[in-house]
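Asks: Sharing structure.cif, mmCIF, C-alpha atoms:
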```cif
data_entry
#
loop_
_atom_site.label_atom_id
_atom_site.label_comp_id
_atom_site.auth_asym_id
_atom_site.auth_seq_id
_atom_site.Cartn_x
_atom_site.Cartn_y
_atom_site.Cartn_z
CA MET A 1 0.00 0.00 0.00
CA TYR A 2 2.88 2.37 0.78
CA ASP A 3 6.35 2.95 -0.60
CA GLY A 4 7.62 3.73 2.85
CA ILE A 5 6.76 4.32 6.50
CA VAL A 6 8.01 7.00 8.86
CA ILE A 7 7.83 6.05 12.53
CA GLY A 8 7.45 9.11 14.76
CA GLY A 9 5.45 12.30 14.31
CA GLY A 10 7.94 14.74 15.79
CA PRO A 11 9.88 17.37 13.81
CA ALA A 12 12.32 14.85 12.28
CA GLY A 13 9.56 12.42 11.36
CA MET A 14 7.32 15.04 9.78
CA PHE A 15 10.17 16.65 7.83
CA ALA A 16 11.40 13.25 6.62
CA ALA A 17 7.87 12.36 5.49
CA ILE A 18 7.66 15.64 3.57
CA ARG A 19 11.00 15.17 1.82
CA ALA A 20 10.17 11.55 0.94
CA ALA A 21 6.74 12.49 -0.41
CA GLU A 22 8.30 15.24 -2.50
CA GLN A 23 10.27 12.50 -4.28
CA GLY A 24 7.04 10.86 -5.39
CA ASN A 25 6.80 8.30 -2.59
CA LYS A 26 3.50 7.22 -1.10
CA VAL A 27 4.25 7.76 2.59
CA LEU A 28 2.61 6.58 5.80
CA LEU A 29 3.47 8.40 9.05
CA LEU A 30 2.90 6.42 12.25
CA GLU A 31 2.50 8.38 15.50
CA LYS A 32 1.52 6.74 18.77
CA ASN A 33 0.24 9.96 20.35
CA ASP A 34 -3.22 11.28 19.57
CA ARG A 35 -1.62 14.31 17.91
CA LEU A 36 1.58 15.20 16.12
CA GLY A 37 4.48 17.27 17.43
CA LYS A 38 3.80 17.06 21.17
CA LYS A 39 7.43 17.77 22.05
CA LEU A 40 7.74 20.36 19.29
CA LEU A 41 4.94 22.35 20.88
CA ILE A 42 6.82 22.78 24.17
CA THR A 43 10.26 23.59 22.73
CA GLY A 44 11.64 27.06 23.31
CA LYS A 45 9.14 27.53 26.15
CA GLY A 46 6.31 27.13 23.68
CA ARG A 47 7.86 29.48 21.11
CA CYS A 48 9.95 26.88 19.20
CA ASN A 49 13.53 27.83 18.48
CA VAL A 50 13.34 26.53 14.89
CA THR A 51 17.05 26.75 14.06
CA ASN A 52 20.05 29.05 14.38
CA ASP A 53 20.74 31.63 11.66
CA CYS A 54 24.35 30.63 11.01
CA THR A 55 26.38 28.57 8.57
CA ALA A 56 26.45 24.78 8.47
CA ARG A 57 30.00 24.82 9.82
CA GLU A 58 28.97 27.02 12.74
CA VAL A 59 26.22 24.55 13.55
CA LEU A 60 28.79 21.75 13.62
CA GLU A 61 30.92 23.78 16.04
CA ASN A 62 27.99 23.66 18.46
CA ILE A 63 27.65 19.87 18.33
CA PRO A 64 29.97 18.33 20.94
CA ARG A 65 29.15 14.72 20.05
CA ASN A 66 29.62 13.20 16.58
CA GLY A 67 29.56 16.50 14.72
CA ARG A 68 31.79 15.05 11.98
CA PHE A 69 29.14 12.43 11.19
CA LEU A 70 26.66 15.23 10.44
CA PHE A 71 28.93 17.14 8.03
CA SER A 72 27.33 15.94 4.78
CA ALA A 73 23.76 16.21 6.06
CA MET A 74 24.33 19.70 7.43
CA GLU A 75 25.99 20.93 4.23
CA ALA A 76 23.03 19.59 2.21
CA CYS A 77 20.45 21.16 4.52
CA PRO A 78 21.94 24.18 6.35
CA PRO A 79 19.88 26.60 8.45
CA GLU A 80 19.19 28.89 5.49
CA ASN A 81 17.40 26.02 3.70
CA VAL A 82 15.31 25.27 6.77
CA MET A 83 14.37 28.91 7.16
CA ALA A 84 13.42 29.11 3.47
CA PHE A 85 11.21 26.04 3.84
CA PHE A 86 9.19 27.54 6.69
CA GLU A 87 8.97 30.97 5.11
CA ASN A 88 7.66 29.40 1.89
CA ALA A 89 5.24 27.30 3.94
CA GLY A 90 3.71 30.47 5.41
CA CYS A 91 5.47 30.39 8.77
CA LYS A 92 7.26 33.74 8.94
CA LEU A 93 10.41 33.79 11.05
CA LYS A 94 12.47 36.26 13.06
CA THR A 95 16.01 36.14 14.43
CA GLU A 96 16.75 37.06 18.05
CA ARG A 97 19.76 37.25 20.35
CA GLY A 98 22.33 34.56 19.69
CA ASN A 99 20.99 34.10 16.13
CA ARG A 100 18.11 32.05 17.50
CA VAL A 101 15.27 31.76 15.00
CA PHE A 102 11.61 31.80 16.09
CA PRO A 103 8.27 32.07 14.33
CA VAL A 104 7.04 35.69 14.20
CA THR A 105 3.91 34.57 16.05
CA ASP A 106 6.00 33.35 19.02
CA ARG A 107 3.92 30.16 18.89
CA SER A 108 5.26 26.65 18.32
CA SER A 109 1.89 25.79 16.81
CA SER A 110 2.79 27.94 13.79
CA VAL A 111 5.71 25.63 13.03
CA LEU A 112 3.55 22.55 13.50
CA GLU A 113 0.83 23.94 11.28
CA ALA A 114 3.34 24.57 8.48
CA LEU A 115 4.57 20.98 8.65
CA ARG A 116 1.07 19.50 8.82
CA ASP A 117 -0.16 21.61 5.93
CA ARG A 118 2.75 20.57 3.74
CA MET A 119 2.18 16.87 4.54
CA HIS A 120 -1.50 17.23 3.72
CA ARG A 121 -0.74 18.83 0.37
CA LEU A 122 1.68 16.01 -0.47
CA GLY A 123 -0.79 13.29 0.49
CA VAL A 124 1.15 11.89 3.45
CA LYS A 125 -1.14 9.46 5.30
CA ILE A 126 -1.10 9.87 9.08
CA LYS A 127 -2.09 6.93 11.27
CA THR A 128 -2.34 6.92 15.07
CA ALA A 129 -0.69 3.66 16.03
CA THR A 130 2.29 2.29 17.94
CA ALA A 131 4.99 0.63 15.85
CA GLU A 132 5.93 -2.62 17.58
CA HIS A 133 8.53 -4.12 15.27
CA ILE A 134 10.20 -3.37 11.94
CA LEU A 135 9.67 -6.29 9.58
CA THR A 136 12.50 -7.63 7.44
CA GLU A 137 12.89 -10.27 4.74
CA ASN A 138 16.20 -11.56 3.42
CA GLY A 139 17.97 -8.97 5.54
CA ARG A 140 16.18 -5.86 4.27
CA VAL A 141 13.16 -3.85 5.42
CA ARG A 142 9.73 -5.05 4.35
CA GLY A 143 7.37 -3.09 6.61
CA VAL A 144 6.16 -2.50 10.15
CA LEU A 145 4.08 -4.48 12.63
CA THR A 146 1.61 -2.31 14.53
CA GLY A 147 -1.35 -3.46 16.62
CA GLY A 148 -1.03 -6.95 15.18
CA GLU A 149 -1.28 -5.53 11.66
CA LYS A 150 1.50 -5.94 9.12
CA ILE A 151 1.95 -2.84 6.96
CA HIS A 152 4.19 -3.56 4.00
CA ALA A 153 6.67 -1.00 2.68
CA SER A 154 10.05 -0.87 0.93
CA TRP A 155 11.68 1.40 3.49
CA VAL A 156 11.27 2.72 7.03
CA ILE A 157 12.57 5.94 8.55
CA LEU A 158 12.93 5.63 12.33
CA ALA A 159 12.39 9.05 13.94
CA THR A 160 11.08 8.19 17.39
CA GLY A 161 13.19 10.62 19.44
CA GLY A 162 15.14 9.73 22.56
CA LEU A 163 14.15 9.49 26.23
CA SER A 164 13.67 13.15 27.17
CA TYR A 165 10.17 14.33 28.10
CA PRO A 166 8.61 10.81 28.05
CA ALA A 167 5.12 12.33 28.44
CA THR A 168 5.47 13.51 24.85
CA GLY A 169 6.06 9.96 23.62
CA SER A 170 9.86 9.79 23.74
CA THR A 171 10.12 6.49 25.59
CA GLY A 172 13.00 4.79 23.80
CA ASP A 173 10.92 2.70 21.36
CA GLY A 174 13.30 3.50 18.53
CA TYR A 175 16.29 2.22 20.50
CA ARG A 176 14.53 -1.10 21.05
CA MET A 177 13.55 -1.55 17.39
CA ALA A 178 17.01 -0.59 16.14
CA LYS A 179 18.64 -2.99 18.61
CA GLU A 180 16.35 -5.81 17.48
CA LEU A 181 17.77 -5.36 13.98
CA GLY A 182 21.39 -5.55 15.15
CA HIS A 183 22.26 -1.93 15.84
CA THR A 184 24.43 -0.87 18.75
CA ILE A 185 22.72 1.56 21.13
CA ILE A 186 24.93 3.98 23.04
CA PRO A 187 23.33 4.20 26.53
CA ALA A 188 21.09 7.24 26.74
CA GLU A 189 21.52 9.98 29.31
CA GLY A 190 20.32 13.53 29.64
CA SER A 191 22.04 16.25 27.66
CA LEU A 192 20.97 19.88 28.03
CA VAL A 193 19.78 18.99 31.51
CA PRO A 194 19.90 20.93 34.81
CA LEU A 195 22.59 20.02 37.34
CA GLU A 196 22.21 19.10 41.00
CA GLU A 197 24.48 20.56 43.68
CA LYS A 198 25.98 18.69 46.59
CA GLY A 199 25.08 21.33 49.17
CA ASP A 200 22.09 23.61 49.71
CA ASP A 201 23.39 27.08 48.81
CA CYS A 202 21.56 27.07 45.47
CA ALA A 203 18.33 26.09 47.19
CA ARG A 204 18.71 29.15 49.45
CA MET A 205 18.73 31.30 46.30
CA GLN A 206 15.95 29.39 44.55
CA GLY A 207 14.36 31.42 41.76
CA LEU A 208 17.28 33.83 41.35
CA SER A 209 18.11 34.36 37.68
CA LEU A 210 21.45 35.88 36.68
CA ARG A 211 22.26 37.43 33.32
CA ASN A 212 25.61 38.16 31.70
CA VAL A 213 27.64 35.91 33.96
CA GLY A 214 30.66 33.82 33.06
CA VAL A 215 30.40 30.07 33.62
CA LYS A 216 33.13 27.40 33.69
CA LEU A 217 32.72 23.68 34.25
CA LEU A 218 35.81 22.09 35.82
CA ASP A 219 36.61 18.40 36.30
CA ALA A 220 38.02 16.87 39.49
CA LYS A 221 41.56 17.91 38.46
CA GLY A 222 40.55 21.51 37.80
CA LYS A 223 40.65 21.19 34.01
CA THR A 224 38.14 23.38 32.18
CA LEU A 225 35.61 21.16 30.39
CA TYR A 226 33.41 23.98 29.12
CA LYS A 227 33.02 27.73 29.45
CA ASP A 228 30.21 30.05 28.46
CA PHE A 229 28.67 33.47 29.02
CA GLY A 230 25.00 34.22 29.52
CA GLU A 231 22.12 33.28 31.80
CA LEU A 232 21.98 31.03 34.85
CA LEU A 233 19.15 30.08 37.21
CA PHE A 234 19.36 28.83 40.81
CA THR A 235 16.77 26.17 41.67
CA HIS A 236 15.71 24.06 44.65
CA PHE A 237 18.04 21.25 43.49
CA GLY A 238 20.95 23.19 41.96
CA VAL A 239 21.44 25.18 38.78
CA SER A 240 19.76 25.51 35.40
CA GLY A 241 19.52 28.05 32.58
CA PRO A 242 21.08 28.13 29.08
CA THR A 243 24.74 28.18 30.17
CA VAL A 244 24.23 25.27 32.57
CA LEU A 245 22.26 23.20 30.05
CA SER A 246 25.07 23.49 27.52
CA ALA A 247 27.67 22.75 30.19
CA SER A 248 25.83 19.55 31.13
CA ALA A 249 26.77 18.03 27.76
CA HIS A 250 30.40 18.05 28.97
CA LEU A 251 29.93 16.68 32.48
CA LYS A 252 32.43 13.87 33.05
CA GLY A 253 32.94 11.73 36.11
CA GLU A 254 32.54 12.87 39.69
CA ASN A 255 33.60 15.92 41.68
CA CYS A 256 32.99 18.44 38.91
CA ARG A 257 32.55 22.09 39.85
CA LEU A 258 30.79 25.01 38.25
CA LEU A 259 32.53 28.37 38.67
CA VAL A 260 30.39 31.48 38.15
CA ASP A 261 31.97 34.86 37.50
CA LEU A 262 29.30 37.28 38.71
CA LYS A 263 31.11 40.33 37.30
CA PRO A 264 32.91 39.19 34.12
CA ALA A 265 33.11 42.76 32.79
CA LEU A 266 35.30 43.80 35.75
CA ASP A 267 38.82 42.57 36.39
CA GLU A 268 39.87 42.10 40.01
CA GLY A 269 41.30 45.62 40.29
CA LYS A 270 38.16 47.33 39.00
CA LEU A 271 35.95 45.06 41.08
CA GLU A 272 37.93 45.88 44.21
CA ALA A 273 37.57 49.61 43.49
CA ARG A 274 33.84 49.12 43.03
CA LEU A 275 33.59 47.25 46.33
CA PHE A 276 35.55 50.02 48.11
CA ARG A 277 33.10 52.63 46.80
CA ASP A 278 30.09 50.67 48.02
CA LEU A 279 31.61 50.04 51.42
CA GLU A 280 32.43 53.74 51.80
CA GLN A 281 28.96 54.80 50.66
CA TYR A 282 27.27 52.39 53.07
CA LYS A 283 29.92 52.40 55.81
CA ASN A 284 27.34 52.71 58.59
CA ARG A 285 25.22 49.84 57.32
CA THR A 286 25.52 46.19 58.23
CA MET A 287 27.14 44.01 55.58
CA GLU A 288 23.84 42.37 54.63
CA ASN A 289 22.63 45.84 53.59
CA ALA A 290 25.90 47.24 52.26
CA LEU A 291 26.11 44.93 49.21
CA VAL A 292 22.67 45.60 47.74
CA ASP A 293 24.08 47.54 44.77
CA LEU A 294 26.67 44.89 44.01
CA LEU A 295 24.79 41.62 44.46
CA PRO A 296 21.20 40.32 44.23
CA ARG A 297 19.63 40.50 47.69
CA SER A 298 18.88 36.77 47.88
CA MET A 299 22.54 36.02 47.17
CA ILE A 300 24.03 38.22 49.88
CA PRO A 301 23.47 35.85 52.85
CA VAL A 302 25.11 32.98 50.92
CA MET A 303 28.10 35.12 49.92
CA LEU A 304 28.62 36.42 53.45
CA SER A 305 28.39 32.91 54.86
CA ARG A 306 30.99 31.61 52.42
CA ALA A 307 33.32 34.52 53.18
CA GLU A 308 32.74 33.95 56.91
CA ILE A 309 31.55 37.54 57.33
CA PRO A 310 28.85 38.13 59.98
CA ALA A 311 25.75 39.61 58.36
CA SER A 312 25.47 42.08 61.26
CA LEU A 313 29.04 43.36 60.85
CA GLN A 314 29.23 47.06 59.94
CA ALA A 315 30.74 47.79 56.55
CA ASN A 316 33.41 50.08 58.02
CA ALA A 317 34.64 47.19 60.18
CA LEU A 318 35.31 44.83 57.28
CA THR A 319 38.88 43.49 57.34
CA ARG A 320 41.25 43.30 54.38
CA GLN A 321 41.12 39.49 54.46
CA HIS A 322 37.31 39.57 54.41
CA ARG A 323 37.40 41.85 51.37
CA LYS A 324 39.81 39.54 49.57
CA THR A 325 37.66 36.48 50.27
CA LEU A 326 34.53 38.30 49.16
CA LEU A 327 36.17 39.37 45.90
CA THR A 328 37.22 35.77 45.24
CA GLN A 329 33.65 34.57 45.77
CA ILE A 330 32.27 37.17 43.37
CA LYS A 331 34.73 36.26 40.62
CA ALA A 332 34.55 32.49 41.18
CA PHE A 333 31.35 31.45 42.94
CA SER A 334 31.70 27.68 43.15
CA VAL A 335 28.94 25.07 42.94
CA ASP A 336 29.95 21.46 43.61
CA ILE A 337 28.04 19.25 41.18
CA ALA A 338 26.43 16.05 42.43
CA GLY A 339 25.26 15.03 38.95
CA LYS A 340 22.64 15.55 36.29
CA ARG A 341 18.91 15.65 36.79
CA PRO A 342 17.02 12.59 35.46
CA VAL A 343 16.99 12.05 31.69
CA SER A 344 13.22 12.58 31.77
CA GLU A 345 13.91 16.25 32.57
CA ALA A 346 16.46 16.72 29.79
CA ILE A 347 15.72 18.86 26.76
CA ILE A 348 17.61 16.41 24.56
CA THR A 349 19.07 12.91 24.89
CA SER A 350 22.72 12.02 24.54
CA GLY A 351 23.19 8.48 23.25
CA GLY A 352 21.21 6.39 20.78
CA VAL A 353 21.96 4.54 17.55
CA LYS A 354 25.73 4.29 17.03
CA VAL A 355 26.53 6.60 14.12
CA SER A 356 29.34 4.43 12.71
CA GLU A 357 26.59 1.97 11.74
CA VAL A 358 24.77 4.63 9.68
CA ASP A 359 25.68 6.11 6.28
CA PRO A 360 26.31 9.83 6.99
CA LYS A 361 25.16 10.95 3.54
CA THR A 362 21.87 9.03 3.37
CA MET A 363 21.12 8.16 7.03
CA GLN A 364 20.58 4.58 5.86
CA SER A 365 21.58 1.71 8.11
CA LYS A 366 24.78 -0.07 7.13
CA ILE A 367 23.31 -3.22 8.68
CA VAL A 368 19.74 -3.35 7.31
CA PRO A 369 19.07 -1.95 3.81
CA GLY A 370 15.90 0.12 3.68
CA LEU A 371 16.18 1.28 7.29
CA TYR A 372 16.90 4.98 7.85
CA PHE A 373 17.29 7.19 10.92
CA ALA A 374 16.47 10.82 11.63
CA GLY A 375 16.64 13.10 14.66
CA GLU A 376 17.27 12.36 18.30
CA VAL A 377 17.23 8.57 17.92
CA LEU A 378 20.80 8.98 16.61
CA ASP A 379 23.73 9.47 18.99
CA CYS A 380 24.09 13.19 18.22
CA ASP A 381 23.26 16.18 20.40
CA ALA A 382 24.08 19.87 20.46
CA TYR A 383 23.99 22.98 22.63
CA THR A 384 20.94 25.18 23.09
CA GLY A 385 20.13 27.77 20.46
CA GLY A 386 18.17 25.85 17.83
CA PHE A 387 21.03 23.48 17.00
CA ASN A 388 19.25 20.29 18.05
CA LEU A 389 16.26 21.02 15.86
CA GLN A 390 18.69 21.79 13.05
CA ILE A 391 20.09 18.28 13.50
CA ALA A 392 16.53 16.95 13.20
CA TRP A 393 15.84 18.88 9.98
CA ALA A 394 19.20 17.99 8.38
CA THR A 395 19.09 14.25 9.14
CA ALA A 396 15.43 14.08 8.11
CA HIS A 397 16.24 15.86 4.86
CA ALA A 398 19.03 13.37 4.11
CA ALA A 399 16.85 10.34 4.88
CA GLY A 400 13.80 11.66 3.03
CA LEU A 401 15.75 12.42 -0.14
CA SER A 402 17.63 9.12 -0.05
CA VAL A 403 14.73 6.67 0.09
CA LYS A 404 13.73 7.19 -3.55
CA GLN A 405 17.31 6.68 -4.68
CA SER A 406 17.48 3.51 -2.60
CA ILE A 407 14.30 2.11 -4.16
CA ASP A 408 15.48 2.88 -7.69
CA LYS A 409 18.86 1.32 -7.04
CA ASN A 410 17.37 -1.88 -5.65
CA ALA A 411 14.81 -2.08 -8.46
CA GLY A 412 17.63 -2.22 -10.98
CA MET A 413 19.46 -5.05 -9.23
#
```
Using the file provided, produce a representation of the structure as structure tokens.

Replies:
Amino acid sequence: MYDGIVIGGGPAGMFAAIRAAEQGNKVLLLEKNDRLGKKLLITGKGRCNVTNDCTAREVLENIPRNGRFLFSAMEACPPENVMAFFENAGCKLKTERGNRVFPVTDRSSSVLEALRDRMHRLGVKIKTATAEHILTENGRVRGVLTGGEKIHASWVILATGGLSYPATGSTGDGYRMAKELGHTIIPAEGSLVPLEEKGDDCARMQGLSLRNVGVKLLDAKGKTLYKDFGELLFTHFGVSGPTVLSASAHLKGENCRLLVDLKPALDEGKLEARLFRDLEQYKNRTMENALVDLLPRSMIPVMLSRAEIPASLQANALTRQHRKTLLTQIKAFSVDIAGKRPVSEAIITSGGVKVSEVDPKTMQSKIVPGLYFAGEVLDCDAYTGGFNLQIAWATAHAAGLSVKQSIDKNAGM
């Protein structure tokens, strides 16, 4: 009945179905949820960071895992192509800070509507059903088993996502089906995920959001694993925010620390001069009230505690050693990391189908002809900023364009 089947109605699955249908394929899209794009609708806090307005090579620079594997796919479908697709589909876009691209409407539903409309125009059939197994015959794909029903097809694109946000349907089904067919699955863990602290200082500052701070992630030996500049959020369990989410992709082993430079625009000399001015201005105040111009109020008790400065001490009584310790805390506020939050809370999953078992140009399996992969089911993940969705679009584009070529090639054998 169908030339091919796409398993998964997320961004990668829908885009792959569109590209395959554009090649003249009769395509069936299987989605186990009662509606398409559940995870897509919540990305970018409901606004959907569609991609990043940069070059393909700049995208690859923001992919810490297996970026080389994505070179061909990203060159064939760079951000400018993705943006052109949505603009032509009636979803107008805008570019914001950090080259992040959003729909002008600020609604993820606009992106979903553009994808759904294009699928409808191309005649993609959408079926609400759970794919149980991928069927093979003589070592190549022959269809999908769903609900006891065998649906025959010449190819299958697996685009089921990872393990993040399981309520949206990302429950690892794709890993299981790929493994059944002989693929190696790199164990999944959260990437772009908040970090837990060992102590309770962050909890004392719960809800405090910092902007324009410097962030460094250090390993147990003090080696810098990652550094960034931007926003950070203190939570009841530790730290979150864009800089922390990107840093989480580099977390290795135990005893890692996050160092936060609260005043990156000031070197130590300028910061010390600034502190002197505040202490002179508020010399008759207690220390808990003398730092209100320098630090967020909810952070002051934590800073004073770390510097072993009594909150009731008058500013004019502060010792030189106290000042030095306080300056150190401001330039390198340390958070001891206990680990990542659960994978279910991650924005994206690290791990998945081993990329060495996949053709990087076509996304076809090297093990099972007729089986293709797209999106988060692959062991590729990137930083925040629209880069992970760009991976979805690029891999889906490669798979969707390749299925027709694969059919033609096999027909001539």

Asks: Which residues fall under the PyMOL selection byres ((chain A and resi 347) around 7) in this file, as a PyMOL selection string?

Replies: chain A and resi 164+191-193+345-346+348

Asks: Using all atoms listed in the file, tabulate the residues of range 220-302 of chain A lying at most 8 Å from any atom of range 328-336 of chain A, each with its closest atom pair and that distance in Å to one decimal, by chain and increasing residue number, as a Markdown table.

Replies:
```
| residue | atom | partner | partner_atom | distance |
| --- | --- | --- | --- | --- |
| A:Asn255 | CA | A:Asp336 | CA | 6.9 |
| A:Cys256 | CA | A:Asp336 | CA | 6.4 |
| A:Arg257 | CA | A:Asp336 | CA | 4.6 |
| A:Leu258 | CA | A:Val335 | CA | 5.0 |
| A:Leu259 | CA | A:Ser334 | CA | 4.6 |
| A:Val260 | CA | A:Phe333 | CA | 4.9 |
| A:Asp261 | CA | A:Lys331 | CA | 4.4 |
| A:Leu262 | CA | A:Ile330 | CA | 5.5 |
| A:Lys263 | CA | A:Lys331 | CA | 6.4 |
| A:Pro264 | CA | A:Lys331 | CA | 7.4 |
| A:Glu268 | CA | A:Lys331 | CA | 7.8 |
```

Asks: Can you pull out the residues contacting Asp200 in chain A? Cut-off 10 Å, using all atoms listed in the file, and skip same-chain residues under 6 positions away; I want them as a list in words.

Replies: Gln206, Thr235, His236, Phe237, Gly238, Val302 and Val335 of chain A

Asks: Identify the residues within 9 Å of coordinate (23.2, 32.6, 50.7) (same frame as the file), considering all atoms listed in the file, and give the answer as a PyMOL selection string.

Replies: chain A and resi 201-205+298-306

Asks: Step by step: start from the point (26.2, 1.8, 24.2) in the file's coordinates, keep every protein, DNA or RNA residue that has an atom no farther than 10 Å from it, count only C-alpha atoms, and write the set as an MDAnalysis selection string.

Replies: chainID A and resid 183:188 351:354 379

Asks: Pick the closest to Gly44 in chain A from A:Thr243, A:Ser109, A:Ser312, A:Asn25: which is it, counting all atoms listed in the file?

Replies: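 Between A:Thr243, A:Ser109, A:Ser312, A:Asn25, the residue approaching Gly44 in chain A most closely is A:Ser109.
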
Asks: Rounded to one decimal, what separation in Å do you get between CA of Leu313 in chain A and CA of Thr325 in chain A?

Replies: 15.3 Å

Asks: Please indicate the distance in Å from CA of Lys404 in chain A to CA of Met14 in chain A, rounded to one decimal place.

Replies: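 Those two atoms sit 16.7 Å apart.
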